[in-house]
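Student: Next up is a structure, given as structure tokens.
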Amino acid sequence: METKQVKKKSNNWKIFSSGIITSNPIFVLFLGMCPVLATTSTFSSAFGMGLAVIAVLVVTNTLISLIRKLVPNEIRIPVYIVIIATVVTIVEMLMYAFMFDLAQTLGVYLSIIVVNCVILGRAESFASKNTVFHSFLDGLGTGLGFLLGVVLVALTREIIGTGGLGFNNPLTGIELFHVQLFPQQFAISLFTVSPGAFIVYGLLTAAFVAINAAYKDRQEKKAKALAKVAQAGGNQ
Amino acid sequence: MADWLRILIAVAILGGLIALLIISYILNKRTKKPEGCIEIDEHCASCNIEGCAVRSVAVEIERAQGEDEK
Amino acid sequence: MHYLLLAISAILVSNIILTRFLGICPFVGVSKSPKNALGMSGALIGVVFMSSIISYAINRYLLEPLDLGFLKLIAFILVIASFVQFVEMFMKRYIPSLYKSLGIYLPLITTNCVVLTVALDVAGTSVTGSLLNWGEMLTYSAATAVGYALIIIGFSYIQLRMQNSTLLPKPFKGNAIALITAGLMAMAFMAFNGMIV
Amino acid sequence: MKNIIKLPLFLGAVCLIATGALATVNHFTEDRILANENAKKNENYLIVLDLSNAGDKTLPEAPVAISNQTLLSAGVTAFYEVKNADDSVYGIAYDAVVTGYAGEIKFQVGFVGDQYAGFRASASKESPGFGEDYIAALEDHLGVDWEVEVSTSESDLELLTMDAAQGGKSGTTKTRDPIIGALIAAANDYQDRIGG
């Protein structure tokens, strides 16, 4: 009984964490690349975008999982599109009402969450097959993975591009803090505009691939060594 | 115009559009492809780009997950 | 002159891929072979042009007078999706040769953000600061799609070279180097910035 | 057969729920969004009126277009009148568009009491280091650093803006004259409005 409980727990954790690390939507799956490039010129806007995506992803995943047995298989995708578009519009309206400055900076990128591959992708490949709670976890995990990804890109860009880091309160648009890490005249402002976005994303991708490869390599070596030890043990 | 009428029209518009999409979707699925086309497989339904590097990764991961669950 | 400036601005100055970062997935993915890139952009130009006409009409003559702005997004995505389905079906049935070259890319276009963004752009005031008229709308949507095609086709030839390169460090292969190259392209396109004041 | 009944029923339900949800959220957020948008649009007026905190003052939703021909010919296009709680005028901001050395200059100027409260150019293509410097000097000083009484005399304003151009850089007349013209027209109108 107890072992079963533990196993269940670890399974939940696995669902939750896979979206963050092993199948991170930004650096591993490369889903929804537009907002990663477009909304990451400042940390505040990237954070806001991440939050919006989390909200949409959690709600759509849960809803779609709720109705997964009701939807006739043939018209699955059109129904998903309607649900996603409704949720995105609602999130957009709420943001324009309560986080006006942030919503204005994000602009059209807020609306095009509708066609973001992450959302429909998770709906299709996960929420349509799994229980409500698991889908909720998956949405939260993938959303967090997305948030971490955009924030990472944004931090790199803002620090190199302006020499400092600021954060605006998403509700009021007033600056909460701003630290200048090095004088502005040494900042490379190229990183705050479009080429910087591509270059930073490209470099971070390469770094992610390299780290992943190294990790896999180590694991394989470990497994080999273990096998060797086992073999040696067997021989004795 | 009364609010309830506006909402009613909104429901009608939305219903019409959804019906349109579903009809076209189903009709399109039932129309056979001409012979000799490149098959774009059904994975990555959101963004199924043939020859997309992303896609092969996504498919692999999905497979791996499937095996894990087994 | 006004229309020419609008077109040049949409194609070069605020190019939809390089300065507005839209439609990146197919940019990195499809444009690995020039043939795919050509087919994709041909289909895209048609779909963007037609679907923005339909969305513009729906918004202007149906949603705006009834004050139903909150249906904009959902209506547009539905219109685009069903338009694409109809075109695909039509092509399959009556023009199979065209389907083979352009039609197979149509399913990919439904979820391409370029289409939806252009539809939203022409229904809003972001392009010229006020609501667009029919002429501006047609110019803008066609020019944006052409700008997209220009980049995606050009980039596919660069990708061709990069795939054959043996000098590239392993982690950079694939998407990483594609993104960095796109960054260099964006830098070059920044030179157009001062062209239209 | 079962499908034929089930499908439209399902569709109807989906679109009812979707529209219902959208309409409800829209109903509750509509006013707030509109208020936010207006605040954003009128942000510049509040800046030139030196009103970071509106408090109990009544802010109009939109500026009023000007129909007076003399004002229009001087380039003043609209005004934005902020009232105190007791309905007396707190201050007025004016929109103006004039033709400078290199095309249009759009600016706002605000009057509060008998003084200038602020000046701000929202769009100008004047030459850097020359006409642009002049506009920047006006923005820095008029109503911000200096407390200047509203004046309708051309020589007063010339003197004032001569100072603004830091030692009276000569040659900025093509930028300066139209701005002064609009300032005088706006000041005249302001005095009429608070006087009458």
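Order determines the names: the first chain of the structure tokens is A, the second B, and so forth; residues in each chain are numbered 1 upward, and ligands are numbered 1 upward as they are shown.
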Quick one: everything within 7 Å of range 167-182 of chain A, counting only C-alpha atoms, minus sequence neighbours fewer than 2 positions away in the same chain. Send it as a ChimeraX atom specification.
Tutor: /A:43-44,48,98-99,101-102,163-165,184
Student: Set the cut-off to 7 Å and count only C-alpha atoms: what are the residues of chain C that reach chain B? Output as a ChimeraX atom specification.
Tutor: /C:26,29-30,66,75,78-79,81-82,85-86,89,92,96,100,108,111
Student: Which residues come within 8 Å of Tyr94 in chain D, counting only C-alpha atoms, excluding same-chain residues fewer than 5 positions away, as a PDB file with N, CA and C atoms, in the first residue's frame?
Tutor:
```
ATOM      1  N   TYR D  45      -1.176  65.014 -21.383  1.00  0.00           N
ATOM      2  CA  TYR D  45      -1.803  66.217 -20.826  1.00  0.00           C
ATOM      3  C   TYR D  45      -1.516  66.309 -19.340  1.00  0.00           C
ATOM      4  N   VAL D  76      -2.946  75.675 -32.858  1.00  0.00           N
ATOM      5  CA  VAL D  76      -3.513  75.048 -31.659  1.00  0.00           C
ATOM      6  C   VAL D  76      -4.737  74.236 -32.073  1.00  0.00           C
ATOM      7  N   THR D  77      -4.742  72.943 -31.771  1.00  0.00           N
ATOM      8  CA  THR D  77      -5.795  72.087 -32.323  1.00  0.00           C
ATOM      9  C   THR D  77      -6.823  71.619 -31.302  1.00  0.00           C
ATOM     10  N   ALA D  78      -6.427  71.466 -30.040  1.00  0.00           N
ATOM     11  CA  ALA D  78      -7.374  70.925 -29.073  1.00  0.00           C
ATOM     12  C   ALA D  78      -6.976  71.350 -27.670  1.00  0.00           C
ATOM     13  N   PHE D  79      -7.934  71.305 -26.743  1.00  0.00           N
ATOM     14  CA  PHE D  79      -7.583  71.598 -25.357  1.00  0.00           C
ATOM     15  C   PHE D  79      -8.170  70.565 -24.414  1.00  0.00           C
ATOM     16  N   TYR D  80      -7.532  70.466 -23.257  1.00  0.00           N
ATOM     17  CA  TYR D  80      -7.899  69.450 -22.278  1.00  0.00           C
ATOM     18  C   TYR D  80      -8.013  70.165 -20.942  1.00  0.00           C
ATOM     19  N   GLN D 108       2.536  69.705 -26.572  1.00  0.00           N
ATOM     20  CA  GLN D 108       1.498  70.068 -25.625  1.00  0.00           C
ATOM     21  C   GLN D 108       2.071  71.097 -24.669  1.00  0.00           C
ATOM     22  N   VAL D 109       1.228  72.061 -24.285  1.00  0.00           N
ATOM     23  CA  VAL D 109       1.650  73.016 -23.277  1.00  0.00           C
ATOM     24  C   VAL D 109       0.530  73.121 -22.250  1.00  0.00           C
ATOM     25  N   GLY D 110       0.925  73.208 -20.973  1.00  0.00           N
ATOM     26  CA  GLY D 110      -0.081  73.246 -19.918  1.00  0.00           C
ATOM     27  C   GLY D 110      -0.007  74.525 -19.111  1.00  0.00           C
ATOM     28  N   ALA D 186      -2.364  80.056 -27.527  1.00  0.00           N
ATOM     29  CA  ALA D 186      -2.887  79.219 -26.446  1.00  0.00           C
ATOM     30  C   ALA D 186      -3.044  80.043 -25.173  1.00  0.00           C
TER      31      ALA D 186
END
```
Student: Could you work out which residues of chain D fall inside 7 Å of chain B? Count only C-alpha atoms, and format the result as a ChimeraX atom specification.
Tutor: /D:12,15-16,19
Student: Only N, CA and C atoms, please: the residues just picked out, written as a PDB file, in the first residue's frame.
Tutor:
```pdb
ATOM      1  N   GLY D  12     -23.747  23.410 -29.838  1.00  0.00           N
ATOM      2  CA  GLY D  12     -24.545  24.464 -29.226  1.00  0.00           C
ATOM      3  C   GLY D  12     -24.068  24.751 -27.820  1.00  0.00           C
ATOM      4  N   CYS D  15     -20.693  26.576 -27.837  1.00  0.00           N
ATOM      5  CA  CYS D  15     -20.678  27.991 -28.213  1.00  0.00           C
ATOM      6  C   CYS D  15     -21.486  28.836 -27.254  1.00  0.00           C
ATOM      7  N   LEU D  16     -22.482  28.251 -26.610  1.00  0.00           N
ATOM      8  CA  LEU D  16     -23.195  28.990 -25.562  1.00  0.00           C
ATOM      9  C   LEU D  16     -22.261  29.315 -24.401  1.00  0.00           C
ATOM     10  N   THR D  19     -19.508  31.897 -25.501  1.00  0.00           N
ATOM     11  CA  THR D  19     -20.003  33.278 -25.602  1.00  0.00           C
ATOM     12  C   THR D  19     -20.388  33.806 -24.241  1.00  0.00           C
TER      13      THR D  19
END
```
Student: Apply DSSP to the structure's backbone, then extract all residues of chain D labelled alpha helix (DSSP H) and return them as a count of residues only.
Tutor: 97
Student: Could you check which of C:Arg161, C:Lys173, C:Arg93, C:Lys72 is closest to chain D, using only C-alpha atoms?
Tutor: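 Using only C-alpha atoms, the shortest distance to chain D belongs to C:Lys72.
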Student: Select residues of chain D: the criterion is any atom within 9 Å of an atom of chain A, counting only C-alpha atoms; output as a count of residues only.
Tutor: 23
Student: Select, as a PDB file with N, CA and C atoms, in the first residue's frame, those residues of chain C with any atom no more than 12 Å from chain D (distances computed using only C-alpha atoms).
Tutor:
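Result saved to out27.pdb:
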```
ATOM      1  N   ASP C  67     -20.650  46.126 -31.802  1.00  0.00           N
ATOM      2  CA  ASP C  67     -19.861  46.306 -30.596  1.00  0.00           C
ATOM      3  C   ASP C  67     -19.499  44.970 -29.952  1.00  0.00           C
ATOM      4  N   LEU C  68     -19.091  44.021 -30.795  1.00  0.00           N
ATOM      5  CA  LEU C  68     -18.739  42.699 -30.288  1.00  0.00           C
ATOM      6  C   LEU C  68     -17.239  42.457 -30.409  1.00  0.00           C
ATOM      7  N   GLY C  69     -16.453  43.468 -30.026  1.00  0.00           N
ATOM      8  CA  GLY C  69     -14.998  43.366 -30.167  1.00  0.00           C
ATOM      9  C   GLY C  69     -14.410  42.167 -29.469  1.00  0.00           C
ATOM     10  N   PHE C  70     -15.075  41.698 -28.430  1.00  0.00           N
ATOM     11  CA  PHE C  70     -14.482  40.578 -27.689  1.00  0.00           C
ATOM     12  C   PHE C  70     -14.536  39.266 -28.446  1.00  0.00           C
ATOM     13  N   LEU C  71     -15.249  39.236 -29.556  1.00  0.00           N
ATOM     14  CA  LEU C  71     -15.295  38.012 -30.358  1.00  0.00           C
ATOM     15  C   LEU C  71     -14.213  37.985 -31.442  1.00  0.00           C
ATOM     16  N   LYS C  72     -13.473  39.096 -31.542  1.00  0.00           N
ATOM     17  CA  LYS C  72     -12.525  39.257 -32.636  1.00  0.00           C
ATOM     18  C   LYS C  72     -11.580  38.062 -32.788  1.00  0.00           C
ATOM     19  N   LEU C  73     -10.871  37.775 -31.701  1.00  0.00           N
ATOM     20  CA  LEU C  73      -9.839  36.745 -31.752  1.00  0.00           C
ATOM     21  C   LEU C  73     -10.411  35.393 -32.143  1.00  0.00           C
ATOM     22  N   ILE C  74     -11.464  35.019 -31.458  1.00  0.00           N
ATOM     23  CA  ILE C  74     -12.043  33.696 -31.684  1.00  0.00           C
ATOM     24  C   ILE C  74     -12.646  33.625 -33.089  1.00  0.00           C
ATOM     25  N   ALA C  75     -13.275  34.725 -33.535  1.00  0.00           N
ATOM     26  CA  ALA C  75     -13.858  34.724 -34.872  1.00  0.00           C
ATOM     27  C   ALA C  75     -12.761  34.599 -35.925  1.00  0.00           C
ATOM     28  N   VAL C 197      11.110  57.653 -42.660  1.00  0.00           N
ATOM     29  CA  VAL C 197      11.072  58.397 -41.399  1.00  0.00           C
ATOM     30  C   VAL C 197       9.622  58.617 -40.984  1.00  0.00           C
TER      31      VAL C 197
END
```
Student: Please build the interface table for chain A against chain B with a cut-off of 9 Å, listing for each qualifying residue the nearest atom pair and the distance in Å to one decimal; count only C-alpha atoms, order rows by chain and increasing number, and write it as a tab-separated table.
Tutor:
```
residue	atom	partner	partner_atom	distance
A:Thr22	CA	B:Ile61	CA	8.9
A:Ser23	CA	B:Ile61	CA	7.5
A:Val28	CA	B:Val57	CA	7.8
A:Leu29	CA	B:Val54	CA	5.7
A:Phe30	CA	B:Val54	CA	5.9
A:Leu31	CA	B:Val54	CA	7.6
A:Glu74	CA	B:Ile26	CA	7.4
A:Ile75	CA	B:Ile22	CA	6.5
A:Ile77	CA	B:Ala45	CA	8.9
A:Pro78	CA	B:Ile22	CA	6.4
A:Val79	CA	B:Ile18	CA	8.2
A:Val82	CA	B:Ile18	CA	7.8
A:Val115	CA	B:Ser46	CA	8.1
A:Asn116	CA	B:Ser46	CA	8.2
A:Cys117	CA	B:Ser46	CA	5.3
A:Val118	CA	B:Ser46	CA	7.9
A:Ile119	CA	B:Ser46	CA	8.3
A:Leu120	CA	B:Ser46	CA	5.5
A:Gly121	CA	B:Ser46	CA	5.2
A:Arg122	CA	B:Ser46	CA	8.9
A:Glu124	CA	B:Ala45	CA	7.1
A:Ser125	CA	B:Cys44	CA	8.0
```
Student: Using only C-alpha atoms, find which residues of chain A lie within 6 Å of chain C and jot them down as a list in words.
Tutor: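 Every residue of chain A that passes the 6 Å test is in Cys34, Ala38, Ala85, Val115, Ser194, Pro195, Phe198, Ile199, Gly202, Thr205, Ala206, Val209 and Ala210 of chain A.
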Student: Would you kindly return, as a PDB file with C-alpha atoms, in the first residue's frame, each protein, DNA or RNA residue with an atom no farther than 9 Å from any atom of Ala182 in chain D, considering only C-alpha atoms and excluding same-chain residues fewer than 3 positions away?
Tutor:
```
ATOM      1  CA  LEU D  71      -6.299  79.535 -32.810  1.00  0.00           C
ATOM      2  CA  SER D  73      -4.270  79.090 -37.870  1.00  0.00           C
ATOM      3  CA  ALA D  74      -1.684  79.434 -35.087  1.00  0.00           C
ATOM      4  CA  GLY D  75      -1.570  75.646 -34.885  1.00  0.00           C
ATOM      5  CA  VAL D  76      -3.513  75.048 -31.659  1.00  0.00           C
ATOM      6  CA  ALA D  96      -0.556  72.204 -31.019  1.00  0.00           C
ATOM      7  CA  VAL D  97       0.866  71.219 -34.381  1.00  0.00           C
ATOM      8  CA  VAL D  98       3.151  73.740 -36.090  1.00  0.00           C
ATOM      9  CA  ASP D 177       8.719  81.462 -34.367  1.00  0.00           C
ATOM     10  CA  PRO D 178       5.903  79.021 -35.027  1.00  0.00           C
ATOM     11  CA  ILE D 179       6.187  77.637 -31.495  1.00  0.00           C
ATOM     12  CA  ALA D 185      -2.490  81.878 -29.136  1.00  0.00           C
ATOM     13  CA  ALA D 186      -2.887  79.219 -26.446  1.00  0.00           C
ATOM     14  CA  ALA D 187      -2.122  81.699 -23.677  1.00  0.00           C
TER      15      ALA D 187
END
```
Student: Give me, please, the distance in Å between CA of Asn130 in chain A and CA of Asn212 in chain A, quoted to one decimal.
Tutor: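 So the answer is 28.0 Å.
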Student: So how many Å separate CA of Ala123 in chain C and CA of Ser55 in chain C, to one decimal?
Tutor: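 Distance between the two atoms: 7.5 Å.
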Student: As an exercise, work out the distance from CA of Leu63 in chain C to CA of Ala142 in chain C in Å and give it to one decimal place.
Tutor: 23.3 Å
Student: At a cut-off of 12 Å, using only C-alpha atoms, what residues contact Val127 in chain C? Leave out same-chain residues fewer than 2 positions from it and give the result as a count of residues only.
Tutor: 26
